[in-house]
$ cat target-v1.cif   # mmCIF, C-alpha atoms
data_model
#
loop_
_atom_site.label_atom_id
_atom_site.label_comp_id
_atom_site.auth_asym_id
_atom_site.auth_seq_id
_atom_site.Cartn_x
_atom_site.Cartn_y
_atom_site.Cartn_z
CA MET A 1247 -10.07 4.11 28.49
CA LYS A 1248 -7.57 5.86 30.75
CA ALA A 1249 -4.38 4.33 29.38
CA MET A 1250 -3.03 2.94 26.15
CA VAL A 1251 0.15 0.85 26.20
CA LEU A 1252 2.40 0.27 23.21
CA SER A 1253 2.95 -3.48 23.61
CA SER A 1254 5.71 -5.38 21.82
CA GLY A 1255 5.17 -8.51 23.88
CA GLY A 1256 8.61 -8.04 25.44
CA VAL A 1257 9.90 -7.43 28.96
CA ASP A 1258 9.80 -3.63 29.01
CA SER A 1259 6.40 -2.92 27.51
CA THR A 1260 4.80 -5.74 29.51
CA THR A 1261 6.18 -4.16 32.69
CA ALA A 1262 4.76 -0.79 31.55
CA LEU A 1263 1.43 -2.53 30.99
CA ALA A 1264 1.54 -3.97 34.52
CA MET A 1265 2.07 -0.44 35.87
CA ALA A 1266 -0.89 0.93 33.88
CA VAL A 1267 -3.17 -1.91 35.01
CA ASP A 1268 -1.98 -1.43 38.59
CA LYS A 1269 -2.88 2.26 38.38
CA PHE A 1270 -6.15 2.24 36.42
CA GLY A 1271 -7.50 -1.33 36.45
CA ALA A 1272 -7.63 -3.63 33.41
CA GLN A 1273 -10.97 -2.32 32.14
CA GLU A 1274 -9.45 1.12 31.58
CA VAL A 1275 -6.37 -0.08 29.67
CA THR A 1276 -5.89 -0.91 25.96
CA THR A 1277 -2.76 -2.42 24.43
CA ILE A 1278 -1.71 -1.66 20.87
CA SER A 1279 0.75 -3.74 18.85
CA ILE A 1280 2.21 -2.96 15.46
CA PHE A 1281 3.42 -5.33 12.77
CA TYR A 1282 6.10 -3.33 10.97
CA GLY A 1283 7.61 -6.24 9.07
CA GLN A 1284 9.72 -7.61 11.94
CA LYS A 1285 11.24 -11.09 11.51
CA HIS A 1286 10.28 -11.85 15.08
CA SER A 1287 6.53 -11.43 14.51
CA ARG A 1288 6.24 -14.05 17.21
CA GLU A 1289 6.38 -11.12 19.63
CA LEU A 1290 2.88 -10.19 18.45
CA GLU A 1291 1.58 -13.58 19.60
CA SER A 1292 3.13 -12.85 22.98
CA ALA A 1293 1.45 -9.43 23.05
CA ARG A 1294 -1.92 -11.09 22.43
CA LYS A 1295 -1.38 -13.67 25.18
CA ILE A 1296 -0.30 -10.95 27.58
CA ALA A 1297 -3.38 -8.82 26.81
CA LYS A 1298 -5.52 -11.90 27.48
CA PHE A 1299 -3.67 -12.59 30.73
CA TYR A 1300 -4.43 -9.07 31.96
CA GLY A 1301 -7.92 -8.96 30.46
CA VAL A 1302 -7.29 -5.70 28.60
CA ASP A 1303 -8.57 -4.64 25.18
CA HIS A 1304 -6.00 -5.24 22.47
CA ILE A 1305 -5.66 -3.73 19.00
CA GLU A 1306 -3.21 -4.45 16.19
CA PHE A 1307 -2.16 -2.63 13.05
CA ASP A 1308 -0.17 -3.79 10.06
CA LEU A 1309 2.09 -0.89 9.07
CA SER A 1310 4.66 -3.01 7.26
CA GLN A 1311 4.07 -1.13 3.97
CA ILE A 1312 5.69 1.96 5.54
CA PHE A 1313 8.96 0.17 6.30
CA LYS A 1314 9.31 -1.60 2.96
CA GLN A 1315 12.08 0.76 1.80
CA SER A 1316 14.26 0.16 4.84
CA ASN A 1317 17.02 -2.44 4.80
CA SER A 1318 17.06 -2.87 8.59
CA SER A 1319 18.21 -6.40 9.42
CA LEU A 1320 15.19 -6.69 11.71
CA LEU A 1321 12.80 -6.74 8.73
CA THR A 1322 11.68 -9.85 6.87
CA HIS A 1323 12.46 -8.42 3.42
CA SER A 1324 16.00 -7.35 4.41
CA THR A 1325 18.92 -9.10 2.78
CA ASP A 1326 20.98 -8.57 5.95
CA SER A 1327 21.09 -11.09 8.77
CA ILE A 1328 20.84 -10.02 12.39
CA ASP A 1329 24.22 -8.97 13.76
CA HIS A 1330 25.00 -10.94 16.91
CA ARG A 1331 27.61 -8.50 18.17
CA SER A 1332 26.68 -6.16 21.03
CA TYR A 1333 25.41 -2.69 20.17
CA SER A 1334 28.62 -1.04 21.35
CA GLU A 1335 30.74 -3.36 19.19
CA GLN A 1336 28.59 -2.63 16.14
CA LEU A 1337 28.83 1.11 16.75
CA GLN A 1338 32.61 1.01 16.63
CA THR A 1339 32.50 0.35 12.88
CA GLN A 1340 29.11 1.69 11.74
CA SER A 1341 26.92 4.71 12.48
CA ARG A 1342 23.82 2.74 13.45
CA VAL A 1343 23.13 -0.75 14.79
CA SER A 1344 21.93 -3.12 12.05
CA THR A 1345 18.59 -3.60 13.79
CA ASN A 1346 17.75 0.11 13.80
CA VAL A 1347 14.32 0.59 12.15
CA PRO A 1348 13.74 4.09 10.69
CA PHE A 1349 11.70 6.26 13.06
CA ARG A 1350 9.99 3.14 14.42
CA ASN A 1351 8.99 4.56 17.80
CA GLY A 1352 7.92 7.78 16.10
CA VAL A 1353 5.52 5.95 13.78
CA MET A 1354 4.15 3.67 16.51
CA LEU A 1355 3.67 6.51 19.00
CA ALA A 1356 2.01 8.72 16.37
CA VAL A 1357 -0.50 5.99 15.53
CA ALA A 1358 -1.19 5.27 19.21
CA ALA A 1359 -1.58 8.99 20.00
CA SER A 1360 -4.04 9.40 17.14
CA ILE A 1361 -6.17 6.49 18.33
CA ALA A 1362 -6.04 7.61 21.95
CA ASP A 1363 -7.03 11.13 20.87
CA SER A 1364 -10.02 9.69 18.99
CA HIS A 1365 -11.50 8.49 22.28
CA ASP A 1366 -13.95 10.59 24.18
CA GLU A 1367 -11.97 11.07 27.37
CA ASP A 1368 -10.46 14.09 29.09
CA GLN A 1369 -7.11 12.45 29.82
CA ILE A 1370 -5.37 9.39 28.46
CA GLU A 1371 -1.89 8.20 29.41
CA LEU A 1372 0.13 6.64 26.58
CA TYR A 1373 2.82 4.24 27.86
CA ILE A 1374 6.01 3.21 26.11
CA GLY A 1375 8.62 0.85 27.58
CA ALA A 1376 11.73 2.60 26.18
CA HIS A 1377 14.61 2.29 28.65
CA ALA A 1378 18.14 3.56 29.18
CA ASP A 1379 19.97 0.42 27.98
CA ASP A 1380 18.38 0.68 24.53
CA ALA A 1381 19.31 4.36 24.33
CA ALA A 1382 22.87 3.78 25.63
CA GLY A 1383 25.56 4.80 23.16
CA ASN A 1384 22.70 6.04 20.96
CA ALA A 1385 22.00 2.45 19.79
CA TYR A 1386 18.32 3.32 19.50
CA ALA A 1387 18.04 7.11 19.42
CA ASP A 1388 14.25 6.80 19.44
CA CYS A 1389 14.47 5.39 22.98
CA SER A 1390 16.42 8.39 24.31
CA LYS A 1391 15.12 10.91 26.84
CA GLU A 1392 15.67 13.63 24.26
CA PHE A 1393 13.39 11.86 21.78
CA ILE A 1394 10.73 11.00 24.35
CA ASP A 1395 10.65 14.57 25.69
CA ALA A 1396 10.28 16.08 22.21
CA PHE A 1397 7.70 13.56 21.02
CA GLY A 1398 5.76 13.83 24.27
CA LYS A 1399 5.62 17.59 23.84
CA SER A 1400 4.32 17.23 20.26
CA ILE A 1401 1.59 14.85 21.45
CA GLU A 1402 0.59 17.15 24.29
CA VAL A 1403 0.33 20.18 21.98
CA ALA A 1404 -1.53 18.47 19.14
CA THR A 1405 -4.05 16.65 21.39
CA TYR A 1406 -4.83 19.82 23.34
CA GLY A 1407 -3.39 18.26 26.49
CA LYS A 1408 -5.56 15.16 26.31
CA VAL A 1409 -2.89 12.52 25.64
CA LYS A 1410 0.17 12.38 27.87
CA LEU A 1411 3.21 10.29 26.97
CA ILE A 1412 4.48 8.20 29.88
CA ALA A 1413 7.89 6.57 29.57
CA PRO A 1414 8.53 5.27 33.08
CA PHE A 1415 11.85 3.58 32.26
CA VAL A 1416 13.66 6.31 30.35
CA GLY A 1417 16.12 6.80 33.21
CA LYS A 1418 16.26 3.12 34.18
CA ASN A 1419 18.19 0.15 32.85
CA LYS A 1420 16.64 -3.21 32.03
CA SER A 1421 17.47 -4.82 35.37
CA GLU A 1422 15.62 -2.03 37.15
CA VAL A 1423 12.64 -2.61 34.83
CA VAL A 1424 12.66 -6.31 35.72
CA LYS A 1425 12.90 -5.43 39.42
CA ILE A 1426 9.69 -3.36 39.16
CA GLY A 1427 8.03 -6.10 37.11
CA LEU A 1428 8.89 -8.86 39.57
CA LYS A 1429 7.17 -6.86 42.31
CA LEU A 1430 4.11 -6.49 40.09
CA LYS A 1431 4.19 -10.24 39.29
CA VAL A 1432 4.54 -9.68 35.53
CA PRO A 1433 4.06 -12.99 33.64
CA TYR A 1434 7.50 -12.87 32.04
CA GLU A 1435 7.10 -16.46 30.88
CA LEU A 1436 4.67 -15.10 28.26
CA THR A 1437 7.05 -12.44 26.88
CA TRP A 1438 9.23 -12.69 23.79
CA SER A 1439 12.37 -10.64 23.16
CA CYS A 1440 14.55 -12.55 20.68
CA TYR A 1441 15.15 -10.89 17.31
CA GLU A 1442 15.36 -14.21 15.49
CA SER A 1443 12.30 -16.06 14.25
CA GLY A 1444 13.02 -19.41 15.92
CA GLU A 1445 10.74 -21.52 18.10
CA THR A 1446 12.84 -20.73 21.17
CA PRO A 1447 15.01 -17.65 21.93
CA CYS A 1448 18.44 -17.86 20.21
CA GLY A 1449 20.23 -16.73 23.38
CA LYS A 1450 22.83 -14.96 21.24
CA CYS A 1451 21.31 -11.76 19.80
CA ALA A 1452 21.76 -8.44 21.59
CA THR A 1453 18.28 -8.44 23.08
CA CYS A 1454 18.58 -12.05 24.33
CA ILE A 1455 21.85 -11.17 26.07
CA ASP A 1456 20.43 -7.97 27.62
CA ARG A 1457 17.42 -9.84 28.88
CA GLN A 1458 19.35 -12.69 30.49
CA ARG A 1459 21.61 -10.21 32.26
CA ALA A 1460 18.62 -8.22 33.58
CA PHE A 1461 17.14 -11.33 35.22
CA GLU A 1462 20.53 -12.49 36.53
CA ILE A 1463 21.12 -9.15 38.27
CA ASN A 1464 17.79 -9.68 40.04
CA GLY A 1465 18.87 -13.18 41.09
CA VAL A 1466 16.11 -14.79 39.07
CA LYS A 1467 16.20 -17.24 36.18
CA ASP A 1468 14.57 -15.87 33.03
CA PRO A 1469 11.21 -17.74 33.06
CA ALA A 1470 10.98 -17.65 29.24
CA LEU A 1471 14.11 -19.78 28.81
CA MET B 1430 16.54 12.31 -2.90
CA LYS B 1431 17.31 15.56 -1.12
CA ALA B 1432 13.78 16.56 -0.16
CA MET B 1433 10.46 14.93 0.63
CA VAL B 1434 7.31 17.05 0.58
CA LEU B 1435 4.08 16.15 2.37
CA SER B 1436 1.62 16.97 -0.41
CA SER B 1437 -2.10 17.38 0.17
CA GLY B 1438 -2.70 18.77 -3.31
CA GLY B 1439 -3.64 22.13 -1.76
CA VAL B 1440 -2.22 25.66 -1.91
CA ASP B 1441 0.23 25.47 0.99
CA SER B 1442 1.92 22.13 0.36
CA THR B 1443 2.13 22.83 -3.37
CA THR B 1444 3.92 26.09 -2.61
CA ALA B 1445 6.28 24.18 -0.29
CA LEU B 1446 6.88 21.73 -3.15
CA ALA B 1447 7.71 24.61 -5.50
CA MET B 1448 10.30 25.84 -2.97
CA ALA B 1449 11.88 22.38 -2.68
CA VAL B 1450 12.02 21.96 -6.46
CA ASP B 1451 13.45 25.49 -6.79
CA LYS B 1452 16.19 24.59 -4.29
CA PHE B 1453 17.10 21.02 -5.27
CA GLY B 1454 15.67 20.36 -8.74
CA ALA B 1455 12.77 18.00 -9.49
CA GLN B 1456 14.91 14.86 -9.73
CA GLU B 1457 15.89 15.23 -6.05
CA VAL B 1458 12.34 15.72 -4.71
CA THR B 1459 9.66 13.18 -3.77
CA THR B 1460 6.08 14.00 -2.79
CA ILE B 1461 4.12 11.86 -0.37
CA SER B 1462 0.35 11.91 0.00
CA ILE B 1463 -1.76 10.13 2.59
CA PHE B 1464 -5.32 8.89 2.34
CA TYR B 1465 -6.56 9.08 5.92
CA GLY B 1466 -10.26 8.67 5.12
CA GLN B 1467 -10.90 12.27 4.06
CA LYS B 1468 -14.19 13.04 2.29
CA HIS B 1469 -12.25 15.24 -0.09
CA SER B 1470 -10.07 12.44 -1.47
CA ARG B 1471 -10.17 14.48 -4.65
CA GLU B 1472 -7.20 16.35 -3.17
CA LEU B 1473 -5.15 13.20 -3.79
CA GLU B 1474 -5.91 13.43 -7.51
CA SER B 1475 -4.64 17.00 -7.39
CA ALA B 1476 -1.49 15.86 -5.60
CA ARG B 1477 -0.86 13.33 -8.39
CA LYS B 1478 -1.38 15.92 -11.13
CA ILE B 1479 0.92 18.37 -9.33
CA ALA B 1480 3.67 15.74 -8.97
CA LYS B 1481 3.34 15.05 -12.69
CA PHE B 1482 3.48 18.78 -13.48
CA TYR B 1483 6.76 19.12 -11.57
CA GLY B 1484 8.11 15.75 -12.71
CA VAL B 1485 8.84 14.56 -9.16
CA ASP B 1486 8.52 11.04 -7.75
CA HIS B 1487 5.24 10.57 -5.92
CA ILE B 1488 4.22 8.01 -3.31
CA GLU B 1489 0.89 7.39 -1.60
CA PHE B 1490 -0.20 5.51 1.50
CA ASP B 1491 -3.61 4.48 2.70
CA LEU B 1492 -3.65 4.98 6.48
CA SER B 1493 -7.42 5.27 6.79
CA GLN B 1494 -7.56 2.27 9.15
CA ILE B 1495 -5.81 4.35 11.81
CA PHE B 1496 -8.46 7.06 11.81
CA LYS B 1497 -11.49 4.76 11.82
CA GLN B 1498 -12.23 5.48 15.48
CA SER B 1499 -12.35 9.25 15.02
CA ASN B 1500 -15.64 11.05 14.43
CA SER B 1501 -14.00 14.05 12.73
CA SER B 1502 -16.45 15.56 10.25
CA LEU B 1503 -13.69 15.47 7.65
CA LEU B 1504 -13.81 11.66 7.48
CA THR B 1505 -16.04 9.64 5.17
CA HIS B 1506 -17.36 7.38 7.93
CA SER B 1507 -18.28 10.31 10.21
CA THR B 1508 -21.94 10.94 10.93
CA ASP B 1509 -21.22 14.69 11.24
CA SER B 1510 -21.40 17.06 8.28
CA ILE B 1511 -18.74 19.70 7.66
CA ASP B 1512 -19.39 22.82 9.72
CA HIS B 1513 -19.48 25.85 7.42
CA ARG B 1514 -18.86 28.36 10.20
CA SER B 1515 -15.38 29.89 10.51
CA TYR B 1516 -12.92 28.26 12.89
CA SER B 1517 -13.18 31.15 15.38
CA GLU B 1518 -16.98 30.89 15.43
CA GLN B 1519 -16.79 27.13 16.01
CA LEU B 1520 -14.30 27.59 18.84
CA GLN B 1521 -16.67 29.88 20.72
CA THR B 1522 -18.92 26.91 21.53
CA GLN B 1523 -16.66 23.85 21.27
CA SER B 1524 -13.11 22.94 22.24
CA ARG B 1525 -12.01 21.83 18.76
CA VAL B 1526 -13.09 22.56 15.20
CA SER B 1527 -15.26 19.78 13.76
CA THR B 1528 -12.70 19.08 11.03
CA ASN B 1529 -9.87 18.40 13.50
CA VAL B 1530 -8.40 14.97 12.73
CA PRO B 1531 -6.62 13.32 15.70
CA PHE B 1532 -2.83 13.80 15.47
CA ARG B 1533 -3.07 13.93 11.68
CA ASN B 1534 0.12 15.88 11.04
CA GLY B 1535 1.89 13.74 13.64
CA VAL B 1536 0.99 10.51 11.83
CA MET B 1537 1.77 11.88 8.37
CA LEU B 1538 5.10 13.39 9.42
CA ALA B 1539 6.11 10.21 11.25
CA VAL B 1540 5.47 8.11 8.16
CA ALA B 1541 7.30 10.57 5.91
CA ALA B 1542 10.24 10.79 8.32
CA SER B 1543 10.50 7.00 8.43
CA ILE B 1544 10.55 6.72 4.64
CA ALA B 1545 13.03 9.58 4.26
CA ASP B 1546 15.26 7.96 6.89
CA SER B 1547 15.16 4.69 4.92
CA HIS B 1548 16.97 6.38 2.02
CA ASP B 1549 20.69 6.23 1.74
CA GLU B 1550 21.46 9.95 1.94
CA ASP B 1551 23.33 12.10 4.43
CA GLN B 1552 20.69 14.83 4.61
CA ILE B 1553 17.04 14.99 3.60
CA GLU B 1554 14.73 17.96 4.10
CA LEU B 1555 11.13 17.08 4.94
CA TYR B 1556 8.69 19.86 3.97
CA ILE B 1557 5.26 20.54 5.45
CA GLY B 1558 3.00 23.42 4.40
CA ALA B 1559 1.53 24.20 7.85
CA HIS B 1560 0.91 27.93 8.19
CA ALA B 1561 -0.12 30.50 10.77
CA ASP B 1562 -3.77 30.84 9.69
CA ASP B 1563 -4.43 27.14 10.33
CA ALA B 1564 -2.79 27.41 13.74
CA ALA B 1565 -4.59 30.67 14.65
CA GLY B 1566 -6.80 30.39 17.72
CA ASN B 1567 -5.46 26.84 18.03
CA ALA B 1568 -7.88 25.64 15.30
CA TYR B 1569 -5.31 23.07 14.22
CA ALA B 1570 -2.82 22.68 17.05
CA ASP B 1571 -0.76 20.33 14.87
CA CYS B 1572 0.04 23.28 12.60
CA SER B 1573 1.44 25.42 15.44
CA LYS B 1574 5.06 26.48 15.81
CA GLU B 1575 5.11 24.68 19.16
CA PHE B 1576 4.10 21.40 17.53
CA ILE B 1577 6.45 21.78 14.57
CA ASP B 1578 9.40 22.62 16.81
CA ALA B 1579 8.80 19.60 19.07
CA PHE B 1580 8.15 17.19 16.23
CA GLY B 1581 11.11 18.50 14.26
CA LYS B 1582 13.33 17.90 17.27
CA SER B 1583 12.05 14.32 17.65
CA ILE B 1584 12.79 13.63 13.96
CA GLU B 1585 16.27 15.13 14.20
CA VAL B 1586 17.14 13.03 17.27
CA ALA B 1587 15.71 9.73 16.02
CA THR B 1588 17.19 9.98 12.51
CA TYR B 1589 20.65 10.87 13.86
CA GLY B 1590 20.41 14.31 12.24
CA LYS B 1591 19.68 12.94 8.78
CA VAL B 1592 16.12 14.21 8.34
CA LYS B 1593 15.36 17.88 8.96
CA LEU B 1594 11.78 19.15 9.22
CA ILE B 1595 11.22 22.31 7.17
CA ALA B 1596 8.02 24.26 7.75
CA PRO B 1597 8.62 27.47 5.78
CA PHE B 1598 5.19 28.96 6.46
CA VAL B 1599 4.83 28.48 10.21
CA GLY B 1600 5.15 32.22 10.81
CA LYS B 1601 3.28 33.23 7.65
CA ASN B 1602 -0.39 33.54 6.81
CA LYS B 1603 -2.00 32.06 3.71
CA SER B 1604 -1.82 35.27 1.63
CA GLU B 1605 1.95 35.37 2.23
CA VAL B 1606 2.16 31.74 1.11
CA VAL B 1607 0.30 32.61 -2.09
CA LYS B 1608 2.59 35.60 -2.63
CA ILE B 1609 5.63 33.30 -2.55
CA GLY B 1610 3.87 30.78 -4.80
CA LEU B 1611 2.89 33.35 -7.40
CA LYS B 1612 6.55 34.34 -7.73
CA LEU B 1613 7.45 30.67 -8.18
CA LYS B 1614 4.65 30.25 -10.77
CA VAL B 1615 2.89 27.52 -8.79
CA PRO B 1616 0.15 25.90 -10.93
CA TYR B 1617 -2.63 26.80 -8.48
CA GLU B 1618 -5.22 25.79 -11.07
CA LEU B 1619 -4.28 22.17 -10.29
CA THR B 1620 -4.72 22.48 -6.51
CA TRP B 1621 -7.74 21.44 -4.47
CA SER B 1622 -8.63 22.81 -1.04
CA CYS B 1623 -12.38 22.33 -0.51
CA TYR B 1624 -13.41 20.00 2.34
CA GLU B 1625 -16.53 18.84 0.52
CA SER B 1626 -16.51 16.04 -2.02
CA GLY B 1627 -18.19 17.93 -4.89
CA GLU B 1628 -17.05 18.30 -8.50
CA THR B 1629 -16.23 21.98 -7.94
CA PRO B 1630 -15.20 23.79 -4.72
CA CYS B 1631 -18.22 24.61 -2.49
CA GLY B 1632 -16.97 28.15 -1.85
CA LYS B 1633 -18.47 28.03 1.64
CA CYS B 1634 -16.32 25.83 3.86
CA ALA B 1635 -13.60 27.36 6.05
CA THR B 1636 -10.80 26.35 3.73
CA CYS B 1637 -12.59 27.65 0.60
CA ILE B 1638 -13.10 31.02 2.32
CA ASP B 1639 -9.47 31.20 3.52
CA ARG B 1640 -8.21 30.38 0.07
CA GLN B 1641 -10.31 32.98 -1.76
CA ARG B 1642 -9.20 35.66 0.69
CA ALA B 1643 -5.52 34.73 0.22
CA PHE B 1644 -5.76 35.24 -3.54
CA GLU B 1645 -7.83 38.43 -3.19
CA ILE B 1646 -5.18 40.00 -0.94
CA ASN B 1647 -2.64 39.32 -3.69
CA GLY B 1648 -4.93 40.97 -6.23
CA VAL B 1649 -5.35 37.73 -8.18
CA LYS B 1650 -8.40 35.65 -8.99
CA ASP B 1651 -8.17 32.11 -7.61
CA PRO B 1652 -7.34 30.13 -10.78
CA ALA B 1653 -9.08 27.00 -9.44
CA LEU B 1654 -12.49 28.73 -9.33
#
$ encode --input "target-v1.cif" --output "structure tokens"
Amino acid sequence: MKAMVLSSGGVDSTTALAMAVDKFGAQEVTTISIFYGQKHSRELESARKIAKFYGVDHIEFDLSQIFKQSNSSLLTHSTDSIDHRSYSEQLQTQSRVSTNVPFRNGVMLAVAASIADSHDEDQIELYIGAHADDAAGNAYADCSKEFIDAFGKSIEVATYGKVKLIAPFVGKNKSEVVKIGLKLKVPYELTWSCYESGETPCGKCATCIDRQRAFEINGVKDPAL
Amino acid sequence: MKAMVLSSGGVDSTTALAMAVDKFGAQEVTTISIFYGQKHSRELESARKIAKFYGVDHIEFDLSQIFKQSNSSLLTHSTDSIDHRSYSEQLQTQSRVSTNVPFRNGVMLAVAASIADSHDEDQIELYIGAHADDAAGNAYADCSKEFIDAFGKSIEVATYGKVKLIAPFVGKNKSEVVKIGLKLKVPYELTWSCYESGETPCGKCATCIDRQRAFEINGVKDPAL
């Protein structure tokens, strides 16, 4: 294994996966997906299909016990429904977006780094699809460059330089991610972004809106709709 | 809750717990212990007894699935036995000590930070007992100041400043930790450090030797022996 990719089954991480496969070849890449209690566990089905499409090894962990005490609206046990206002609208009246999940990227990256570090390799690249639109206005602070830099440093130190965190989209917005993915022929029809648990994307939640816009800017119809 | 303490049931984290209780009072402190597959799961019994002694809330998680792919000699499924040579001797012939567990502190801190961040408080201090002797010679890189600084920064950013990582012993050796603990009347007779799974400490493994020396320097007999 030369690369491990944190795969949510969505647009960004699938594009990161395409980059890793393009660089190392499918036989050297493993995807890892985490069930943390998300309502949209359908994204995990997408992650499985995408791993199959690329022919990469795929592992899954159920870490939902850790997030049981959070009332994030993204979690199945939450009493809150998903807020359909944009992140910037939400942040005018509250300190965090309702879909913020406590230290989610921290937990997922820590688990992935541990597993990567368990492998008998000299160097392993750990990919995450965090991008600038998610970090904008501090909607998801654990997608920010500041977070990625600090966490990447902690991984580098604790794995004796073996595992390197790669966040190729930290300075890019979602339409730029899609642009890269279209070139790499990413099977976006297999991805899932919607926060709701319906059979088809709701088209109304913040991530549905962001996604549609990203494809529109590239002059392409979202193939998952 | 004003403080969460990562408790292994050993000397260092129990001293950190005593500091947190001294600062905030027992009713504001929670201890968290992780089963990661360690042979010496007896330390978790000690952590429970110590939480009871102080009257603090105590939570436990089983994350052993994450570490299943590691061959660290500290883990129950490992085919390697615990190396009884000192860390510096081990590091003369190998790049890591045999008891290194991949990104262990990273995983445990990430989980603790997530849980702390789930609580409805403005500020929570997250304590870890990492100290200079464990980091010496890079035996445990995830106890180093470099690691703690980077990880602490990632927690601060992703929790919007709510959770603050406190590692009071990063610049101190184990005898200095014991000195602080003796002043705070830490019940060291309840702690467990030995890496082996025996009924009594083996007295031979690296952590048994470090512990004995720390008490000797303070002119005190180790009350757990």
$ calpha_fit_rmsd --input "target-v1.cif" --fixed "chain A" --moving "chain B"
0.0 Å
$ resolve_selection --input "target-v1.cif" --expression "the PyMOL selection byres ((chain A and resi 1361) around 9)" --output "list in words"
Ala1356, Val1357, Ala1358, Ala1359, Ser1360, Ala1362, Asp1363, Ser1364 and His1365 of chain A; Ile1495, Phe1496, Lys1497, Gln1498, Ser1499, Pro1531 and Phe1532 of chain B
$ resolve_selection --input "target-v1.cif" --expression "the PyMOL selection byres ((chain A and resi 1429-1442) around 9)" --output "NGL selection string"
:A and (1254-1257 or 1260-1261 or 1264-1265 or 1268 or 1284-1286 or 1288-1293 or 1295-1296 or 1299 or 1320 or 1328 or 1345 or 1424-1428 or 1443-1444 or 1446-1454 or 1457 or 1468-1471)
$ resolve_selection --input "target-v1.cif" --expression "the PyMOL selection byres ((chain B and resi 1552) around 6)" --output "list in words"
Glu1550, Asp1551, Ile1553, Lys1591 and Val1592 of chain B
$ atom_distance --input "target-v1.cif" --atom1 "CA of Lys1410 in chain A" --atom2 "CA of Asp1395 in chain A"
10.9 Å
$ atom_distance --input "target-v1.cif" --atom1 "CA of Ile1305 in chain A" --atom2 "CA of Tyr1465 in chain B"
18.3 Å
$ axis_aligned_box --input "target-v1.cif" --around "range 1345-1354 of chain A" --padding-each-side "6 Å" --output "lines of an AutoDock Vina configuration file"
center_x = 11.4
center_y = 2.1
center_z = 14.2
size_x = 26.4
size_y = 23.4
size_z = 19.1
$ closest_residue --input "target-v1.cif" --among "A:Tyr1386, A:Tyr1333, A:Phe1415, A:Phe1461" --to "chain B" --atoms "all atoms listed in the file"
A:Tyr1386
$ closest_residue --input "target-v1.cif" --among "B:Gln1519, B:Gln1494, B:Ser1527, B:Ser1507" --to "chain A" --atoms "all atoms listed in the file"
B:Gln1494
$ atom_distance --input "target-v1.cif" --atom1 "CA of Met1247 in chain A" --atom2 "CA of Thr1276 in chain A"
7.0 Å
$ closest_residue --input "target-v1.cif" --among "A:Val1466, A:Ile1412, A:Val1267, A:Ile1401" --to "chain B" --atoms "all atoms listed in the file"
A:Ile1401
$ residues_around --input "target-v1.cif" --residues "Lys1601 in chain B" --least-positions-apart "3" --cutoff "6 Å" --atoms "all atoms listed in the file" --output "PDB file with C-alpha atoms, in the frame of the given file"
ATOM      1  CA  HIS B1560       0.910  27.930   8.190  1.00  0.00           C
ATOM      2  CA  ALA B1561      -0.120  30.500  10.770  1.00  0.00           C
ATOM      3  CA  PHE B1598       5.190  28.960   6.460  1.00  0.00           C
ATOM      4  CA  GLU B1605       1.950  35.370   2.230  1.00  0.00           C
TER       5      GLU B1605
END
$ closest_residue --input "target-v1.cif" --among "A:Asn1351, A:Asn1419, A:Ser1319, A:Asn1384" --to "Gly1398 in chain A" --atoms "only C-alpha atoms"
A:Asn1351
